[in-house]
Amino acid sequence: MKRATTVYLYELAWILPSIAIPVGMLVALVVTAFGAGIHLPGNEGRVNPTELATTAPFDKPGIIEMRPGQYEVRMVAEAWSFTPSEIRVPAGARVTFVATSEDVVHGLFIPRANVNVMLLPGQVARVTAHFNKPGEYLLVCHEYCGISHHTMSGKVVVEPRS
Ligand code: CUA
């Protein structure tokens, strides 16, 4: 009889993780979706990638101050550059990137500012970051987009407050 008990415990040792792992993954999914706001591109903010030159706000790429200390960067990615490629803001700025691609899939990655989005043709990406420390923040394309993908970069220059 002792042997039967051992088999049961052995099974239990496998059954418990097989329940705990999916439950853990479900919890991680719910936390990232609702707590951290990580999600797939939504229906809002679709644009025609062939008409960006005449579609607001991408007809005037650049940076604008929405409120004191709050900026919006309207950015267009194309092979193989970002427009604008250099963004200057004062330290403490809260910057919302509104970006899309006009040709193929690109990425917008600013490692030091927790910005990491895909730029899909026809889809507007929106991500907000805080730039508290003065300095240069490299921004790069991190989706392979062709022969010069590795040269596709720009920077955010955060200037000290005077
Ligand atoms: Cu754009 Cu890689």
# chains A, B, ... in the order shown; residues from 1 in each chain; ligands from 1

call {"tool": "residues_around", "arguments": {"residues": "Ile38 (chain A)", "least_positions_apart": "4", "cutoff": "12 Å", "atoms": "only C-alpha atoms", "output": "PyMOL selection string"}}
result
chain A and resi 28-34+42+115-117+126-127

call {"tool": "write_last_selection", "arguments": {"atoms": "N, CA and C atoms", "output": "compact mmCIF listing (two decimals), in the first residue's frame"}}
result
# COMPACT_ATOMS: atom_id res chain seq x y z
N ALA A 28 -0.53 37.11 -15.18
CA ALA A 28 0.44 38.00 -15.84
C ALA A 28 -0.23 38.74 -17.00
N LEU A 29 -1.09 38.03 -17.75
CA LEU A 29 -1.79 38.64 -18.88
C LEU A 29 -2.71 39.76 -18.42
N VAL A 30 -3.47 39.49 -17.35
CA VAL A 30 -4.42 40.48 -16.85
C VAL A 30 -3.66 41.70 -16.29
N VAL A 31 -2.58 41.44 -15.55
CA VAL A 31 -1.82 42.54 -14.96
C VAL A 31 -1.20 43.42 -16.04
N THR A 32 -0.62 42.80 -17.08
CA THR A 32 0.02 43.62 -18.12
C THR A 32 -1.02 44.34 -18.97
N ALA A 33 -2.17 43.71 -19.23
CA ALA A 33 -3.19 44.34 -20.07
C ALA A 33 -3.85 45.51 -19.36
N PHE A 34 -4.22 45.33 -18.09
CA PHE A 34 -5.00 46.36 -17.40
C PHE A 34 -4.13 47.20 -16.47
N GLY A 42 -5.01 49.24 -31.56
CA GLY A 42 -6.48 49.25 -31.60
C GLY A 42 -6.99 49.81 -32.90
N VAL A 115 10.44 53.50 -23.92
CA VAL A 115 9.60 53.59 -25.11
C VAL A 115 9.94 52.41 -26.01
N ASN A 116 8.93 51.65 -26.40
CA ASN A 116 9.17 50.46 -27.21
C ASN A 116 7.87 50.14 -27.95
N VAL A 117 7.74 50.66 -29.17
CA VAL A 117 6.52 50.40 -29.95
C VAL A 117 6.90 50.02 -31.37
N ARG A 126 0.94 55.53 -30.16
CA ARG A 126 0.95 56.64 -29.22
C ARG A 126 1.58 56.15 -27.93
N VAL A 127 2.64 56.81 -27.50
CA VAL A 127 3.31 56.38 -26.27
C VAL A 127 3.88 57.62 -25.58

call {"tool": "select_by_dssp", "arguments": {"residues": "chain A", "states": "strand (DSSP E)", "output": "PyMOL selection string"}}
result
chain A and resi 62-67+70-78+81-83+86-90+93-101+106-110+115-119+125-131+135-140+153-159

call {"tool": "select_by_dssp", "arguments": {"residues": "chain A", "states": "alpha helix (DSSP H)", "output": "list of chain:residue names"}}
result
A:Lys2, A:Arg3, A:Ala4, A:Thr5, A:Thr6, A:Val7, A:Tyr8, A:Leu9, A:Tyr10, A:Glu11, A:Leu12, A:Ala13, A:Trp14, A:Ile15, A:Leu16, A:Pro17, A:Ser18, A:Ile19, A:Ala20, A:Ile21, A:Pro22, A:Val23, A:Gly24, A:Met25, A:Leu26, A:Val27, A:Ala28, A:Leu29, A:Val30

call {"tool": "write_last_selection", "arguments": {"atoms": "N, CA, C and O atoms", "output": "compact mmCIF listing (two decimals), in the first residue's frame"}}
result
# COMPACT_ATOMS: atom_id res chain seq x y z
N LYS A 2 2.01 1.15 0.63
CA LYS A 2 2.90 2.30 0.72
C LYS A 2 3.29 2.80 -0.68
O LYS A 2 3.36 3.99 -0.94
N ARG A 3 3.46 1.83 -1.60
CA ARG A 3 3.87 2.17 -2.96
C ARG A 3 2.79 3.00 -3.67
O ARG A 3 3.09 3.96 -4.37
N ALA A 4 1.47 2.64 -3.46
CA ALA A 4 0.37 3.37 -4.09
C ALA A 4 0.37 4.83 -3.64
O ALA A 4 0.17 5.74 -4.44
N THR A 5 0.64 5.08 -2.37
CA THR A 5 0.68 6.45 -1.84
C THR A 5 1.79 7.25 -2.51
O THR A 5 1.60 8.39 -2.88
N THR A 6 2.92 6.62 -2.73
CA THR A 6 4.05 7.29 -3.36
C THR A 6 3.70 7.73 -4.78
O THR A 6 3.98 8.85 -5.18
N VAL A 7 3.01 6.86 -5.51
CA VAL A 7 2.61 7.20 -6.88
C VAL A 7 1.66 8.39 -6.87
O VAL A 7 1.77 9.30 -7.66
N TYR A 8 0.73 8.41 -5.91
CA TYR A 8 -0.23 9.50 -5.84
C TYR A 8 0.48 10.83 -5.60
O TYR A 8 0.20 11.83 -6.26
N LEU A 9 1.44 10.86 -4.69
CA LEU A 9 2.15 12.10 -4.41
C LEU A 9 2.97 12.56 -5.63
O LEU A 9 3.06 13.75 -5.92
N TYR A 10 3.50 11.55 -6.32
CA TYR A 10 4.28 11.86 -7.52
C TYR A 10 3.39 12.53 -8.58
O TYR A 10 3.78 13.51 -9.21
N GLU A 11 2.18 11.99 -8.74
CA GLU A 11 1.23 12.61 -9.68
C GLU A 11 0.86 14.02 -9.25
O GLU A 11 0.79 14.95 -10.05
N LEU A 12 0.63 14.16 -7.97
CA LEU A 12 0.25 15.47 -7.42
C LEU A 12 1.34 16.50 -7.70
O LEU A 12 1.07 17.66 -8.04
N ALA A 13 2.59 16.07 -7.60
CA ALA A 13 3.70 16.98 -7.85
C ALA A 13 3.69 17.50 -9.28
O ALA A 13 4.21 18.58 -9.56
N TRP A 14 3.09 16.75 -10.20
CA TRP A 14 2.98 17.22 -11.58
C TRP A 14 1.68 17.99 -11.82
O TRP A 14 1.65 18.92 -12.62
N ILE A 15 0.62 17.55 -11.13
CA ILE A 15 -0.69 18.19 -11.34
C ILE A 15 -0.66 19.64 -10.84
O ILE A 15 -1.14 20.55 -11.51
N LEU A 16 -0.06 19.87 -9.69
CA LEU A 16 -0.08 21.22 -9.11
C LEU A 16 0.61 22.25 -10.01
O LEU A 16 0.03 23.30 -10.30
N PRO A 17 1.83 22.00 -10.52
CA PRO A 17 2.43 22.98 -11.44
C PRO A 17 1.62 23.16 -12.72
O PRO A 17 1.56 24.26 -13.27
N SER A 18 0.96 22.06 -13.19
CA SER A 18 0.21 22.19 -14.44
C SER A 18 -1.03 23.06 -14.24
O SER A 18 -1.58 23.57 -15.20
N ILE A 19 -1.46 23.23 -13.01
CA ILE A 19 -2.54 24.19 -12.73
C ILE A 19 -1.93 25.56 -12.44
O ILE A 19 -2.38 26.58 -12.95
N ALA A 20 -0.86 25.58 -11.65
CA ALA A 20 -0.27 26.85 -11.21
C ALA A 20 0.31 27.65 -12.39
O ALA A 20 0.19 28.87 -12.43
N ILE A 21 0.90 26.97 -13.36
CA ILE A 21 1.55 27.69 -14.46
C ILE A 21 0.52 28.43 -15.33
O ILE A 21 0.67 29.63 -15.56
N PRO A 22 -0.57 27.76 -15.81
CA PRO A 22 -1.56 28.52 -16.58
C PRO A 22 -2.22 29.64 -15.78
O PRO A 22 -2.47 30.72 -16.31
N VAL A 23 -2.48 29.38 -14.48
CA VAL A 23 -3.08 30.43 -13.66
C VAL A 23 -2.11 31.61 -13.55
O VAL A 23 -2.50 32.77 -13.69
N GLY A 24 -0.83 31.32 -13.36
CA GLY A 24 0.18 32.38 -13.29
C GLY A 24 0.27 33.17 -14.57
O GLY A 24 0.38 34.40 -14.56
N MET A 25 0.18 32.47 -15.69
CA MET A 25 0.24 33.16 -16.99
C MET A 25 -0.99 34.04 -17.19
O MET A 25 -0.90 35.15 -17.73
N LEU A 26 -2.15 33.54 -16.76
CA LEU A 26 -3.39 34.33 -16.89
C LEU A 26 -3.29 35.60 -16.03
O LEU A 26 -3.65 36.69 -16.48
N VAL A 27 -2.76 35.45 -14.82
CA VAL A 27 -2.59 36.61 -13.94
C VAL A 27 -1.63 37.61 -14.60
O VAL A 27 -1.89 38.82 -14.63
N ALA A 28 -0.53 37.11 -15.18
CA ALA A 28 0.44 38.00 -15.84
C ALA A 28 -0.23 38.74 -17.00
O ALA A 28 0.00 39.93 -17.22
N LEU A 29 -1.09 38.03 -17.75
CA LEU A 29 -1.79 38.64 -18.88
C LEU A 29 -2.71 39.76 -18.42
O LEU A 29 -2.71 40.86 -18.98
N VAL A 30 -3.47 39.49 -17.35
CA VAL A 30 -4.42 40.48 -16.85
C VAL A 30 -3.66 41.70 -16.29
O VAL A 30 -4.02 42.85 -16.56

call {"tool": "atom_distance", "arguments": {"atom1": "CA of Arg112 (chain A)", "atom2": "CA of Ala77 (chain A)"}}
result
19.9 Å

call {"tool": "residues_near_ligand", "arguments": {"ligand": "ligand 1", "cutoff": "6 Å", "atoms": "only C-alpha atoms and all ligand atoms", "output": "NGL selection string"}}
result
:A and (79-80 or 106 or 141-145 or 149 or 152)

call {"tool": "closest_residue", "arguments": {"among": "A:Leu138, A:Ala91, A:Leu108, A:Ala56", "to": "Arg74 (chain A)", "atoms": "only C-alpha atoms"}}
result
A:Ala56

call {"tool": "residues_around", "arguments": {"residues": "Glu72 (chain A)", "least_positions_apart": "5", "cutoff": "7 Å", "atoms": "only C-alpha atoms", "output": "list of chain:residue names"}}
result
A:Ile63, A:Ile64, A:Glu65, A:Met66, A:Val95, A:Thr96, A:Phe97

call {"tool": "atom_distance", "arguments": {"atom1": "CA of Ile110 (chain A)", "atom2": "CA of Asn48 (chain A)"}}
result
25.7 Å

call {"tool": "closest_residue", "arguments": {"among": "A:Val73, A:Lys60, A:Val89, A:Gly107", "to": "His150 (chain A)", "atoms": "only C-alpha atoms"}}
result
A:Gly107

call {"tool": "residues_around", "arguments": {"residues": "Glu102 (chain A)", "least_positions_apart": "6", "cutoff": "6 Å", "atoms": "only C-alpha atoms", "output": "NGL selection string"}}
result
:A and (49 or 78 or 121)

call {"tool": "write_last_selection", "arguments": {"atoms": "N, CA and C atoms", "output": "compact mmCIF listing (two decimals), in the first residue's frame"}}
result
# COMPACT_ATOMS: atom_id res chain seq x y z
N PRO A 49 -1.34 55.20 -45.16
CA PRO A 49 0.11 55.48 -45.18
C PRO A 49 0.57 56.15 -46.48
N GLU A 78 10.28 56.28 -42.00
CA GLU A 78 10.36 55.74 -43.36
C GLU A 78 11.73 55.10 -43.49
N PRO A 121 2.65 50.56 -40.93
CA PRO A 121 2.03 51.44 -41.93
C PRO A 121 0.52 51.41 -41.74
